[in-house]
file input_7.txt (compact mmCIF, C-alpha atoms and all ligand atoms)
# COMPACT_ATOMS: atom_id res chain seq x y z
CA MET A 21 17.82 -107.94 -134.63
CA ALA A 22 16.25 -111.12 -136.01
CA ARG A 23 13.43 -111.68 -138.48
CA ILE A 24 10.86 -113.74 -136.64
CA LEU A 25 7.70 -115.41 -137.93
CA GLY A 26 5.03 -116.51 -135.43
CA ILE A 27 2.33 -119.05 -136.34
CA GLY A 28 -0.71 -119.23 -134.09
CA VAL A 29 -3.68 -117.33 -132.82
CA ALA A 30 -4.65 -113.69 -132.22
CA THR A 31 -7.72 -113.12 -130.07
CA LEU A 32 -10.16 -110.48 -128.95
CA ASP A 33 -9.87 -110.32 -125.16
CA MET A 34 -12.55 -108.86 -122.86
CA ILE A 35 -10.60 -108.40 -119.65
CA PHE A 36 -12.56 -107.83 -116.45
CA ASP A 37 -10.68 -106.65 -113.39
CA VAL A 38 -12.41 -108.11 -110.33
CA ALA A 39 -11.62 -107.88 -106.62
CA ARG A 40 -12.02 -111.65 -106.38
CA TYR A 41 -13.16 -114.44 -108.68
CA PRO A 42 -16.97 -114.83 -108.31
CA SER A 43 -18.63 -118.08 -107.28
CA GLY A 44 -21.36 -119.75 -109.38
CA ASP A 45 -24.58 -117.76 -109.78
CA GLU A 46 -23.03 -114.71 -108.11
CA GLU A 47 -23.10 -111.25 -109.72
CA VAL A 48 -20.10 -109.01 -109.09
CA ARG A 49 -19.17 -105.56 -110.34
CA ALA A 50 -15.85 -105.35 -112.21
CA LYS A 51 -13.44 -102.51 -111.34
CA ASN A 52 -12.42 -102.13 -114.97
CA LEU A 53 -13.04 -103.58 -118.44
CA ARG A 54 -10.42 -103.58 -121.16
CA VAL A 55 -11.01 -104.80 -124.70
CA ALA A 56 -7.64 -105.79 -126.11
CA ARG A 57 -5.85 -107.88 -128.68
CA GLY A 58 -4.54 -111.13 -127.21
CA GLY A 59 -3.53 -114.62 -128.31
CA ASN A 60 -0.36 -116.46 -127.34
CA VAL A 61 1.65 -116.04 -130.51
CA ALA A 62 0.38 -112.49 -131.05
CA ASN A 63 1.39 -111.56 -127.48
CA THR A 64 4.82 -113.10 -127.99
CA LEU A 65 5.33 -111.22 -131.28
CA VAL A 66 4.30 -107.89 -129.72
CA MET A 67 6.92 -108.43 -127.00
CA LEU A 68 9.57 -109.53 -129.53
CA SER A 69 8.86 -106.42 -131.56
CA GLN A 70 9.43 -104.27 -128.47
CA LEU A 71 12.69 -106.18 -127.95
CA GLY A 72 13.82 -104.87 -131.36
CA HIS A 73 13.03 -107.77 -133.73
CA ALA A 74 11.20 -107.61 -137.09
CA CYS A 75 8.09 -109.73 -136.61
CA SER A 76 5.49 -111.31 -138.89
CA TRP A 77 2.33 -113.14 -137.93
CA GLY A 78 0.85 -116.12 -139.81
CA GLY A 79 -2.67 -116.88 -138.60
CA VAL A 80 -6.37 -116.58 -139.35
CA LEU A 81 -8.21 -113.26 -139.18
CA ALA A 82 -12.00 -113.01 -139.13
CA GLU A 83 -13.35 -110.85 -141.91
CA GLY A 84 -15.11 -107.75 -140.67
CA LEU A 85 -14.90 -104.86 -138.27
CA ASP A 86 -14.69 -107.08 -135.15
CA SER A 87 -11.06 -107.76 -136.08
CA ASN A 88 -10.12 -104.06 -135.95
CA VAL A 89 -8.83 -104.25 -132.37
CA ILE A 90 -6.50 -107.10 -133.42
CA VAL A 91 -5.31 -105.54 -136.67
CA GLU A 92 -4.75 -102.07 -135.21
CA ASP A 93 -2.83 -103.34 -132.21
CA LEU A 94 -0.53 -105.55 -134.30
CA ALA A 95 0.03 -102.63 -136.68
CA ARG A 96 0.96 -100.40 -133.70
CA TYR A 97 3.78 -102.85 -132.91
CA GLU A 98 4.74 -103.08 -136.59
CA VAL A 99 3.92 -106.79 -136.78
CA ASP A 100 3.63 -107.67 -140.48
CA LEU A 101 0.29 -109.27 -141.37
CA SER A 102 0.96 -110.22 -144.98
CA SER A 103 1.09 -113.97 -144.16
CA CYS A 104 -2.41 -113.98 -142.62
CA VAL A 105 -5.48 -115.51 -144.22
CA MET A 106 -9.05 -114.23 -143.82
CA HIS A 107 -12.15 -116.33 -143.14
CA LEU A 108 -15.76 -115.57 -142.34
CA GLY A 109 -16.52 -115.91 -138.62
CA ARG A 110 -15.91 -114.04 -135.42
CA PRO A 111 -12.47 -113.39 -133.99
CA PRO A 112 -11.45 -116.00 -131.39
CA THR A 113 -12.82 -114.35 -128.26
CA SER A 114 -11.89 -114.68 -124.58
CA THR A 115 -13.69 -113.47 -121.49
CA ILE A 116 -11.01 -113.09 -118.85
CA MET A 117 -11.23 -112.34 -115.15
CA LEU A 118 -8.18 -110.92 -113.43
CA SER A 119 -8.57 -111.47 -109.70
CA ARG A 120 -6.89 -108.84 -107.51
CA GLU A 121 -7.20 -111.21 -104.55
CA THR A 122 -5.16 -114.07 -106.03
CA GLY A 123 -3.38 -112.50 -109.04
CA THR A 124 -4.90 -115.26 -111.21
CA ARG A 125 -6.37 -114.91 -114.70
CA THR A 126 -9.35 -117.13 -115.51
CA ILE A 127 -10.19 -117.52 -119.20
CA VAL A 128 -13.30 -118.65 -121.08
CA HIS A 129 -12.38 -118.94 -124.74
CA TYR A 130 -14.55 -119.33 -127.84
CA ARG A 131 -13.47 -119.89 -131.45
CA ASP A 132 -15.19 -120.94 -134.62
CA LEU A 133 -12.59 -119.88 -137.19
CA PRO A 134 -10.70 -122.65 -139.00
CA GLU A 135 -7.09 -123.21 -137.95
CA PHE A 136 -4.18 -121.85 -139.99
CA SER A 137 -3.32 -124.82 -142.22
CA ALA A 138 -0.18 -126.31 -143.72
CA ALA A 139 -1.53 -125.19 -147.13
CA ASP A 140 -1.69 -121.60 -145.77
CA PHE A 141 1.84 -122.00 -144.42
CA ASP A 142 3.04 -123.24 -147.84
CA GLN A 143 2.22 -119.79 -149.24
CA ILE A 144 4.76 -118.12 -146.95
CA VAL A 145 8.19 -117.52 -148.47
CA LEU A 146 10.57 -118.65 -145.71
CA LEU A 147 13.69 -117.04 -147.15
CA PRO A 148 13.62 -113.87 -145.00
CA TYR A 149 13.30 -115.54 -141.60
CA ASP A 150 15.89 -116.40 -138.93
CA TRP A 151 13.46 -117.88 -136.41
CA ILE A 152 9.93 -119.36 -136.51
CA HIS A 153 7.83 -119.69 -133.36
CA PHE A 154 4.85 -122.10 -133.48
CA GLU A 155 1.95 -122.62 -131.12
CA GLY A 156 1.58 -126.33 -130.35
CA ARG A 157 -1.90 -126.87 -131.80
CA ASN A 158 -3.58 -128.66 -134.69
CA VAL A 159 -0.87 -131.35 -134.68
CA PRO A 160 -1.38 -133.00 -138.13
CA GLU A 161 -1.01 -129.59 -139.83
CA LEU A 162 1.76 -128.46 -137.46
CA ASP A 163 3.73 -131.61 -138.31
CA LYS A 164 3.61 -130.72 -142.02
CA MET A 165 4.63 -127.11 -141.35
CA LEU A 166 7.59 -128.12 -139.18
CA LYS A 167 8.75 -130.68 -141.75
CA ARG A 168 8.58 -128.07 -144.51
CA VAL A 169 10.86 -125.75 -142.54
CA LYS A 170 13.29 -128.61 -141.91
CA GLU A 171 13.27 -129.47 -145.61
CA VAL A 172 13.58 -126.07 -147.25
CA ARG A 173 15.36 -123.99 -144.58
CA PRO A 174 17.00 -126.32 -142.02
CA ASP A 175 19.05 -123.36 -140.74
CA ILE A 176 15.97 -121.53 -139.38
CA LYS A 177 15.64 -122.02 -135.62
CA ILE A 178 12.27 -123.34 -134.47
CA SER A 179 10.63 -122.77 -131.10
CA LEU A 180 7.45 -124.58 -130.13
CA GLU A 181 5.05 -123.43 -127.43
CA VAL A 182 3.64 -126.41 -125.54
CA GLU A 183 0.85 -124.91 -123.49
CA LYS A 184 -2.13 -127.22 -123.67
CA PRO A 185 -2.28 -130.97 -124.19
CA ARG A 186 -3.18 -131.85 -127.79
CA PRO A 187 -3.44 -135.37 -129.21
CA GLY A 188 -0.12 -136.43 -130.73
CA LEU A 189 1.75 -133.24 -129.76
CA GLU A 190 4.69 -135.20 -128.33
CA SER A 191 5.43 -136.61 -131.78
CA VAL A 192 6.60 -133.21 -133.07
CA PHE A 193 8.85 -132.33 -130.09
CA PRO A 194 12.05 -133.52 -131.84
CA LEU A 195 11.37 -131.11 -134.73
CA ALA A 196 11.81 -128.07 -132.45
CA ASP A 197 15.12 -126.54 -131.38
CA VAL A 198 13.47 -124.99 -128.32
CA LEU A 199 10.44 -126.30 -126.41
CA LEU A 200 8.67 -123.69 -124.27
CA CYS A 201 6.28 -125.55 -121.96
CA SER A 202 3.70 -124.35 -119.50
CA HIS A 203 3.20 -125.40 -115.90
CA ALA A 204 -0.34 -126.45 -116.87
CA PHE A 205 1.06 -128.86 -119.48
CA ALA A 206 3.43 -130.43 -116.91
CA ILE A 207 0.55 -130.90 -114.47
CA HIS A 208 -1.56 -132.44 -117.20
CA ALA A 209 1.29 -134.82 -118.03
CA GLY A 210 1.07 -135.89 -114.37
CA MET A 211 4.16 -134.11 -112.99
CA ASN A 212 4.12 -131.42 -110.34
CA ASP A 213 7.92 -131.38 -110.22
CA PRO A 214 9.78 -129.37 -112.88
CA HIS A 215 12.87 -131.59 -112.83
CA LYS A 216 10.83 -134.76 -113.31
CA PHE A 217 8.89 -133.06 -116.10
CA LEU A 218 12.07 -131.95 -117.90
CA ALA A 219 13.50 -135.47 -117.61
CA TRP A 220 10.23 -136.82 -119.06
CA LEU A 221 10.55 -134.34 -121.95
CA ARG A 222 14.19 -135.32 -122.53
CA GLN A 223 13.07 -138.90 -123.14
CA ARG A 224 10.91 -137.56 -125.98
CA THR A 225 13.48 -135.30 -127.67
CA SER A 226 17.24 -135.43 -127.31
CA ARG A 227 17.96 -132.43 -129.55
CA SER A 228 15.78 -129.63 -128.10
CA GLU A 229 16.50 -127.00 -125.46
CA LEU A 230 13.81 -127.56 -122.80
CA LEU A 231 12.10 -124.87 -120.73
CA VAL A 232 9.12 -124.82 -118.41
CA GLY A 233 7.51 -121.83 -116.65
CA TRP A 234 6.43 -122.46 -113.06
CA GLY A 235 4.25 -119.41 -112.31
CA ASN A 236 5.42 -117.41 -109.31
CA ASP A 237 8.05 -120.10 -108.57
CA GLY A 238 10.01 -118.95 -111.64
CA ALA A 239 11.18 -121.24 -114.45
CA TYR A 240 13.37 -124.26 -115.14
CA GLY A 241 15.43 -125.48 -118.08
CA LEU A 242 17.43 -128.46 -119.28
CA ASP A 243 19.97 -127.80 -122.02
CA THR A 244 21.12 -130.18 -124.73
CA SER A 245 24.33 -130.96 -122.80
CA GLY A 246 22.23 -132.27 -119.91
CA ASN A 247 22.75 -129.29 -117.57
CA ALA A 248 19.78 -128.17 -115.45
CA HIS A 249 19.16 -124.45 -114.90
CA GLU A 250 16.61 -122.42 -113.00
CA SER A 251 15.63 -118.87 -112.16
CA PRO A 252 13.40 -117.50 -109.41
CA ALA A 253 10.41 -115.35 -110.31
CA TYR A 254 10.79 -111.60 -109.96
CA PRO A 255 7.43 -110.44 -108.63
CA PRO A 256 6.51 -106.78 -109.08
CA ASP A 257 5.43 -104.69 -106.06
CA ILE A 258 1.81 -105.17 -107.06
CA VAL A 259 0.66 -108.01 -109.32
CA LEU A 260 -1.73 -106.24 -111.71
CA ASP A 261 -2.03 -108.43 -114.78
CA THR A 262 -0.59 -111.95 -115.21
CA LEU A 263 -2.38 -112.44 -118.55
CA GLY A 264 0.32 -113.21 -121.10
CA ALA A 265 3.14 -113.67 -118.54
CA GLY A 266 3.97 -116.99 -120.20
CA ASP A 267 3.88 -115.41 -123.67
CA THR A 268 6.25 -112.66 -122.44
CA PHE A 269 8.54 -115.30 -120.93
CA ASN A 270 8.59 -117.10 -124.30
CA ALA A 271 9.42 -113.87 -126.18
CA SER A 272 12.28 -113.11 -123.84
CA MET A 273 13.67 -116.68 -124.15
CA ILE A 274 13.61 -116.41 -127.96
CA ASP A 275 15.29 -112.99 -127.77
CA ALA A 276 17.97 -114.39 -125.46
CA PHE A 277 18.69 -117.38 -127.71
CA VAL A 278 18.87 -115.07 -130.75
CA ARG A 279 21.46 -113.05 -128.80
CA ARG A 280 23.25 -116.34 -128.01
CA LEU A 281 22.95 -116.04 -124.24
CA GLY A 282 23.41 -119.25 -122.26
CA MET A 283 20.33 -120.93 -120.81
CA LYS A 284 20.96 -119.73 -117.24
CA GLU A 285 21.23 -116.08 -118.31
CA ALA A 286 18.30 -116.48 -120.70
CA LEU A 287 16.06 -117.90 -117.95
CA ASP A 288 16.97 -115.06 -115.64
CA ALA A 289 16.22 -112.40 -118.28
CA ALA A 290 12.92 -114.08 -119.18
CA CYS A 291 11.73 -114.32 -115.55
CA ARG A 292 12.66 -110.67 -115.00
CA LEU A 293 10.70 -109.51 -118.06
CA ALA A 294 7.70 -111.76 -117.30
CA GLY A 295 7.70 -110.52 -113.69
CA ARG A 296 7.82 -106.92 -114.87
CA LYS A 297 4.89 -107.63 -117.19
CA CYS A 298 2.82 -108.91 -114.22
CA GLY A 299 3.06 -105.41 -112.69
CA ILE A 300 1.85 -103.65 -115.87
CA GLU A 301 -1.58 -103.75 -117.49
CA GLY A 302 -1.26 -105.12 -121.02
CA PHE A 303 2.00 -105.21 -122.98
CA ALA A 304 2.82 -101.56 -123.71
CA GLY A 305 5.96 -100.31 -122.05
CA VAL A 306 7.00 -103.68 -120.56
CA VAL A 307 10.43 -103.53 -122.25
P1 LIG A 401 1.18 -118.60 -118.10
O1 LIG A 401 0.97 -117.18 -118.55
O2 LIG A 401 1.31 -119.54 -119.28
O3 LIG A 401 0.21 -119.08 -117.07
P2 LIG A 401 3.25 -118.95 -116.05
O4 LIG A 401 2.26 -118.75 -114.96
O5 LIG A 401 4.02 -120.25 -116.05
O6 LIG A 401 2.64 -118.65 -117.50
O7 LIG A 401 4.32 -117.79 -115.95
C1 LIG A 401 5.37 -117.65 -116.87
C2 LIG A 401 6.48 -116.87 -116.20
O8 LIG A 401 5.96 -115.60 -115.78
C3 LIG A 401 6.99 -117.55 -114.93
O9 LIG A 401 8.07 -118.40 -115.23
C4 LIG A 401 7.42 -116.35 -114.09
O10 LIG A 401 8.75 -115.98 -114.43
C5 LIG A 401 6.48 -115.23 -114.53
N1 LIG A 401 5.37 -115.07 -113.57
C6 LIG A 401 4.13 -115.60 -113.63
N2 LIG A 401 3.37 -115.23 -112.60
C7 LIG A 401 4.15 -114.41 -111.85
C8 LIG A 401 3.96 -113.66 -110.64
N3 LIG A 401 2.81 -113.70 -109.96
N4 LIG A 401 5.00 -112.92 -110.18
C9 LIG A 401 6.17 -112.88 -110.84
N5 LIG A 401 6.42 -113.55 -111.98
C10 LIG A 401 5.43 -114.31 -112.48
C1 LIG A 402 -2.94 -115.27 -122.86
C2 LIG A 402 -3.88 -115.54 -124.02
C3 LIG A 402 -4.99 -114.52 -124.11
C4 LIG A 402 -6.01 -115.28 -124.94
C5 LIG A 402 -5.84 -116.71 -124.43
C6 LIG A 402 -6.02 -117.73 -125.53
O1 LIG A 402 -1.86 -116.18 -122.86
O2 LIG A 402 -3.17 -115.56 -125.25
O3 LIG A 402 -4.59 -113.29 -124.68
O4 LIG A 402 -7.30 -114.84 -124.78
O5 LIG A 402 -4.54 -116.79 -123.88
O6 LIG A 402 -5.84 -119.02 -125.04

call {"tool": "encode", "arguments": {"input": "input_7.txt", "output": "structure tokens", "more": "lines below"}}
Ligand code: ADP
Ligand code: FRU
result
Amino acid sequence: MARILGIGVATLDMIFDVARYPSGDEEVRAKNLRVARGGNVANTLVMLSQLGHACSWGGVLAEGLDSNVIVEDLARYEVDLSSCVMHLGRPPTSTIMLSRETGTRTIVHYRDLPEFSAADFDQIVLLPYDWIHFEGRNVPELDKMLKRVKEVRPDIKISLEVEKPRPGLESVFPLADVLLCSHAFAIHAGMNDPHKFLAWLRQRTSRSELLVGWGNDGAYGLDTSGNAHESPAYPPDIVLDTLGAGDTFNASMIDAFVRRLGMKEALDAACRLAGRKCGIEGFAGVV
């Protein structure tokens, strides 16, 4: 069991289950609507908690009753909220369409809350933690947070989620022990080939373990000794909910590294868990 701190976002997700994604100006009837807590880091922490780790979340909560869904769900998974800060605003909110036809999840996201800052992070006592997982966002503040960890607790392992392109994000890659990248990021960087993408990443950080998810093609990794690894995807009988598959993959990779598995074994475990998640609605009972 490790003590894991996650820094990033928790969201209010309105998840519509549709037979197929509608075209512009069309009106379709959803088969189901779920209102749930989401957010990349929050999803990852909920999975890590189910994998037996003691988890804490550092992020911004909107003051008011609209945050109840978020707070209650994190409490259900015993995620500690004492490092959070509160601000006036609405919770970051996503309208999500899960298409039964394609298995895709399409997200429209809105947020007006300020980002969790380096000054907020400075208030967190780092002593108890073995591992800190960061979302790759708000780079100037992220840079300060990563440098503080390196300065005061260089023994804490750091993972960084690289999901969306953000100005300057590449500059902090060398500060992470593990980079967990998305397929979308690789495409945005101009590479639709995982091996080329990992080689591109390696030019930007020599000291990090490198991983990239590749949707239903599985996932790929490049370790610090220069060995390439890969795992196929493990699709469930019926793909019900791919929302948070990447966040589940990230949780399982962190869990595997904490348990000192090699990258090949870790990738395999993470693709199995992420695949299992795709066959289950939400995150309960995935482990
Ligand atoms: P994201 O949630 O960020 O879009 P990906 O689509 O890259 O993440 O998926 C992350 C991991 O989840 C993949 O590496 C794969 O193991 C698993 N996965 C995603 N979609 C499927 C699917 N349709 N069937 C089985 N596994 C999947
Ligand atoms: C899934 C997710 C959703 C959230 C959105 C934010 O990975 O975290 O729960 O609404 O992404 O980008």

call {"tool": "residues_around", "arguments": {"input": "input_7.txt", "residues": "stretch 21-38 of chain A", "least_positions_apart": "4", "cutoff": "8 Å", "atoms": "all atoms listed in the file", "output": "ChimeraX atom specification"}}
result
/A:48-63,65,72-81,87,89-90,111-120,136,148-155,278

call {"tool": "residues_around", "arguments": {"input": "input_7.txt", "residues": "stretch 178-184 of chain A", "least_positions_apart": "2", "cutoff": "10 Å", "atoms": "all atoms listed in the file", "output": "number ranges by chain"}}
result
A: 24-28, 60-61, 150-157, 166, 169-170, 174-176, 186-187, 189-190, 192-193, 195-206, 208, 228-229, 231-232, 266-267, 270, 273-274

call {"tool": "residues_near_ligand", "arguments": {"input": "input_7.txt", "ligand": "ligand LIG 401 (chain A)", "cutoff": "10 Å", "atoms": "all atoms listed in the file", "output": "count of residues only"}}
result
60

call {"tool": "axis_aligned_box", "arguments": {"input": "input_7.txt", "around": "ligand LIG 402 (chain A)", "padding_each_side": "5 Å", "output": "JSON"}}
result
{"center_x": -4.6, "center_y": -116.2, "center_z": -124.2, "size_x": 15.4, "size_y": 15.7, "size_z": 12.7}

call {"tool": "closest_residue", "arguments": {"input": "input_7.txt", "among": "A:Leu230, A:Ala209, A:Val128, A:Val99", "to": "ligand LIG 402 (chain A)", "atoms": "all atoms listed in the file"}}
result
A:Val128

call {"tool": "closest_residue", "arguments": {"input": "input_7.txt", "among": "A:Asp142, A:Asp275, A:Glu135, A:Asp45", "to": "A:Thr64", "atoms": "only C-alpha atoms"}}
result
A:Asp275

call {"tool": "closest_residue", "arguments": {"input": "input_7.txt", "among": "A:His249, A:Arg40, A:His107, A:Arg131", "to": "ligand LIG 402 (chain A)", "atoms": "all atoms listed in the file"}}
result
A:Arg131

call {"tool": "closest_residue", "arguments": {"input": "input_7.txt", "among": "A:Glu98, A:Ile127, A:Ala271, A:Glu92", "to": "ligand LIG 402 (chain A)", "atoms": "all atoms listed in the file"}}
result
A:Ile127

call {"tool": "closest_residue", "arguments": {"input": "input_7.txt", "among": "A:Arg168, A:Lys284, A:Lys216, A:His129", "to": "ligand LIG 402 (chain A)", "atoms": "all atoms listed in the file"}}
result
A:His129

call {"tool": "atom_distance", "arguments": {"input": "input_7.txt", "atom1": "atom CA of A:Leu147", "atom2": "atom CA of A:Gln70"}}
result
23.0 Å

call {"tool": "closest_residue", "arguments": {"input": "input_7.txt", "among": "A:Ile207, A:Leu281, A:Ile300, A:Leu242", "to": "A:Gln223", "atoms": "only C-alpha atoms"}}
result
A:Leu242

call {"tool": "atom_distance", "arguments": {"input": "input_7.txt", "atom1": "atom CA of A:Gly84", "atom2": "atom C2 of ligand LIG 402 (chain A)"}}
result
21.5 Å
